[in-house]
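Visitor: Please see the structure below; I have some questions.
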Amino acid sequence: MRRRLAALAVCAAVIVAAACGGDAVTVPAPPAPMHPLPGAAGAGDPYYPDDGNGGYDALDYHVDASYDPPSGHLEADTTVTAKATQDLSRFDLDLRGLDVHSVEVDGQPAKFTREKAFELVVTPNAPIRAGTTFRTRVRYGGDPAKTPHDGGSENGWQHSADGGAYMVGEPHSAAFWYPVNETPRDKASFTLTAHVPAGWTVISNGREGPPGTWTEPNPIASYLTTIAIGKFSVDRSTLPDGTPVVSAYAPGAEEHRAIGDRLPEVLGFLSGKFGPYPQSAAGGIFLDEDVHFSLETQTRPTYAKWADLPTLVHENAHEWFGDSVSLRDWSDICLNECFASYAQWLWAEREGQNLDARYHAAIEITRDSTDFWSQKLVGMGQGHEFEGVYNKGILALHALRRQIGDPAFDRLLHAWPARYRHGTATWADFENMAAQVSGKNLHAFFADWFHGTTLPADADLFPGSLRS
């Protein structure tokens with residue numbers, strides 16, 4: 001047998017009909033030898049070096065979960081479809097808390113260990129070749145509400161006032177309830193099949209299927225996935241283009257219908273500013289919870305009990321800025337929050353407000369505030385991501401608008417979500433696009449406003465019509 005295989009290898013090198021017998025054939029060369037190595041335990045974000053993983057590209061998540069509200073117990077079965085980007089001897093998934101019962105890779109049992117705070121390390125029974133699509137099935141369970149979280153915008157899994165549960169968090173969210181490559185660098189499609197007792201309703205991302213089933217076909221950053229289980233009242237409709245709208249109101253939040261009903265109007269306005277609505281579905285999850293933030297969970301933002309109409313505008317502006325076009329590094333959070341915050345000003349302008357006057361009033365109030373101007377909008381440092389983007393970021397974008405003029409600013413707001421639709425981008429990408437679209441050298445302007453820590457020079461502080 002060994003000698004016969006050697007003869008075939010010779011025939012693979014050249015086509016010699018007489019020597020090999022029969023018609024000329026080309027035998028494929030043997031595959032290159034594998035050099036399997038462990039996938040990296042982090043995706044490379046300098047602020048959160050342990051977040052995400054390397055060695056593969058996640059393509060799809062299918063979470064099949066059963067939740068019992070009275071006990072708070074979750075039993076789940078998640079399949080992660082991924083493509084290896086290197087020869088893998090092992091790889092990591094992120095999973096916080098919860099007990100792992102078993103792991104399979106392509107239907108075969110795999111070894112697994114838990115390392116550090118949230119690394120689920122999987123060793124398949126055979127190495128995975130680069131370029132191969134493989135499926136990892138993880139069965140696990142526990143009470144996700146008992147998993148510690150860092151507070152702030154990392155809310156973790158929480159029990160709701162009606163006895164159900166909800167999940168929001170940024171930058172960490174998904175790993176509290178399913179194994180994931182938890183980095184916005186690796187977006188994937190997402191399906192949830194949820195099982196709950198009669199009388200309970202499950203709301204999640206994307207398009208609604210059979211009861212408890214939700215599918216988001218567009219790539220989604222994992223922190224933008226969500227689940228909400230409650231005694232919801234649910235309204236269903238469609239946008240003029242046929243996009244399905246599902247909005248859910250928890251007991252005590254029904255008064256928010258007056259806000260939720262304006263979603264088609266808001267999305268129509270934002271589409272005029274940013275281009276066609278980029279998502280597969282729309283709607284909202286209106287909670288009766290005193291969370292200190294609302295979150296742009298993709299296709300269906302999650303709202304705290306204090307949410308108002310400007311909040312609706314802000315969170316839905318994220319469907320373009322942050323959801324469709326996602327950041328690669330958390331140091332570039334201004335790509336999300338500065339633009340969603342400025343969308344509130346654009347809405348106020350629609351209602352008749354003079355934005356230049358509002359800008360001048362804000363500068364007058366903050367001019368002598370060292371604390372205000374010391375907040376960097378880009379590269380602000382880990383733990384400081386959300387300090388300046390909601391206020392200084394608005395002023396910076398209005399100054400940019402006046403620096404390049406309305407026609408160029410309008411082109412920029414359309415070009416950005418079009419070019420990077422359903423992908424990721426960096427702040428450097430935005431600066432380059434702004435210069436290209438406007439035809440101006442904006443280096444000093446961006447250094448003053450977005451990278452600086454002092455009051456900008458007058459030329460950048462009062463550009464264009466702001467000088468008067």
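Going through the structure tokens in order, the chains are called A, B, and so on, while each chain numbers its residues from 1 and the ligands are numbered from 1 in the order shown.
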Pull the closest atom pair for each residue of stretch 28-119 of chain A that gets at most 9 Å from stretch 161-182 of chain A, along with the distance in Å to one decimal, counting only C-alpha atoms, ordering rows by chain and then ascending residue number, as JSON lines.

Guide:
{"residue": "A:Ala43", "atom": "CA", "partner": "A:Asn181", "partner_atom": "CA", "distance": 8.5}
{"residue": "A:Asp51", "atom": "CA", "partner": "A:Glu182", "partner_atom": "CA", "distance": 5.8}
{"residue": "A:Gly52", "atom": "CA", "partner": "A:Glu182", "partner_atom": "CA", "distance": 4.4}
{"residue": "A:Asn53", "atom": "CA", "partner": "A:Asn181", "partner_atom": "CA", "distance": 5.9}
{"residue": "A:Gly54", "atom": "CA", "partner": "A:Asn181", "partner_atom": "CA", "distance": 8.6}
{"residue": "A:Asp57", "atom": "CA", "partner": "A:Asn181", "partner_atom": "CA", "distance": 8.6}
{"residue": "A:Ala58", "atom": "CA", "partner": "A:Asn181", "partner_atom": "CA", "distance": 7.0}
{"residue": "A:Tyr61", "atom": "CA", "partner": "A:Val180", "partner_atom": "CA", "distance": 8.0}
{"residue": "A:Val63", "atom": "CA", "partner": "A:Tyr178", "partner_atom": "CA", "distance": 7.1}
{"residue": "A:Asp68", "atom": "CA", "partner": "A:Gly164", "partner_atom": "CA", "distance": 8.7}
{"residue": "A:Pro69", "atom": "CA", "partner": "A:Gly164", "partner_atom": "CA", "distance": 5.4}
{"residue": "A:Pro70", "atom": "CA", "partner": "A:Gly163", "partner_atom": "CA", "distance": 7.1}
{"residue": "A:Gly72", "atom": "CA", "partner": "A:Ala165", "partner_atom": "CA", "distance": 8.3}
{"residue": "A:Leu74", "atom": "CA", "partner": "A:Trp177", "partner_atom": "CA", "distance": 8.4}
{"residue": "A:Ala76", "atom": "CA", "partner": "A:Tyr178", "partner_atom": "CA", "distance": 7.8}
{"residue": "A:Asp77", "atom": "CA", "partner": "A:Tyr178", "partner_atom": "CA", "distance": 8.5}
{"residue": "A:Thr78", "atom": "CA", "partner": "A:Tyr178", "partner_atom": "CA", "distance": 6.8}
{"residue": "A:Thr79", "atom": "CA", "partner": "A:Pro179", "partner_atom": "CA", "distance": 8.7}
{"residue": "A:Val80", "atom": "CA", "partner": "A:Val180", "partner_atom": "CA", "distance": 7.6}
{"residue": "A:Asp92", "atom": "CA", "partner": "A:Asn181", "partner_atom": "CA", "distance": 8.0}
{"residue": "A:Leu93", "atom": "CA", "partner": "A:Val180", "partner_atom": "CA", "distance": 5.4}
{"residue": "A:Asp94", "atom": "CA", "partner": "A:Val180", "partner_atom": "CA", "distance": 5.2}
{"residue": "A:Leu95", "atom": "CA", "partner": "A:Ala175", "partner_atom": "CA", "distance": 4.5}
{"residue": "A:Arg96", "atom": "CA", "partner": "A:Phe176", "partner_atom": "CA", "distance": 5.1}
{"residue": "A:Gly97", "atom": "CA", "partner": "A:Phe176", "partner_atom": "CA", "distance": 7.0}
{"residue": "A:Leu98", "atom": "CA", "partner": "A:Trp177", "partner_atom": "CA", "distance": 7.9}
{"residue": "A:Phe118", "atom": "CA", "partner": "A:Ala175", "partner_atom": "CA", "distance": 8.0}

Visitor: Can you pull out every residue within 10 Å of A:Pro407, counting only C-alpha atoms, but drop anything in the same chain fewer than 4 positions away, and send it as an MDAnalysis selection string?

Guide: chainID A and resid 401 411:412 437:438

Visitor: Quick one: residues within 7 Å of A:Ser233, only C-alpha atoms, excluding same-chain residues fewer than 6 positions away - as a count of residues only?

Guide: 3

Visitor: Name the residues of stretch 244-426 of chain A that fall into alpha helix (DSSP H) according to DSSP on the backbone, using the chain letters and numbers of this document, as a PyMOL selection string.

Guide: chain A and resi 257-260+263-274+309-317+334-350+355-366+370-373+392-404+406-419

Visitor: A:Ala348, A:Ala198, A:Ala221, A:Ala126: which is nearest A:Thr297, counting only C-alpha atoms?

Guide: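 Looking at the shortest contact to A:Thr297, the residue is A:Ala221.
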
Visitor: Would you return as a VMD selection string the members of stretch 77-318 of chain A that DSSP assigns to strand (DSSP E) on this structure's backbone?

Guide: chain A and resid 77 to 84 88 to 94 99 to 105 108 to 109 111 to 115 119 to 123 133 to 142 154 to 159 165 to 169 188 to 195 201 to 203 207 to 208 213 to 220 228 to 230 233 to 238 244 to 249 282 to 286 302 to 303

Visitor: Which residue, A:Val121, A:Leu400, A:Ile365, A:Ala65, has the smallest gap to A:Thr193 when you use only C-alpha atoms?

Guide: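 That would be A:Ala65, the residue with the smallest distance to A:Thr193.
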
Visitor: Counting only C-alpha atoms, which of A:Ile203, A:Leu239, A:Ala425, A:Val325 gets nearest to A:Thr215?

Guide: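 Using only C-alpha atoms, the shortest distance to A:Thr215 belongs to A:Ile203.
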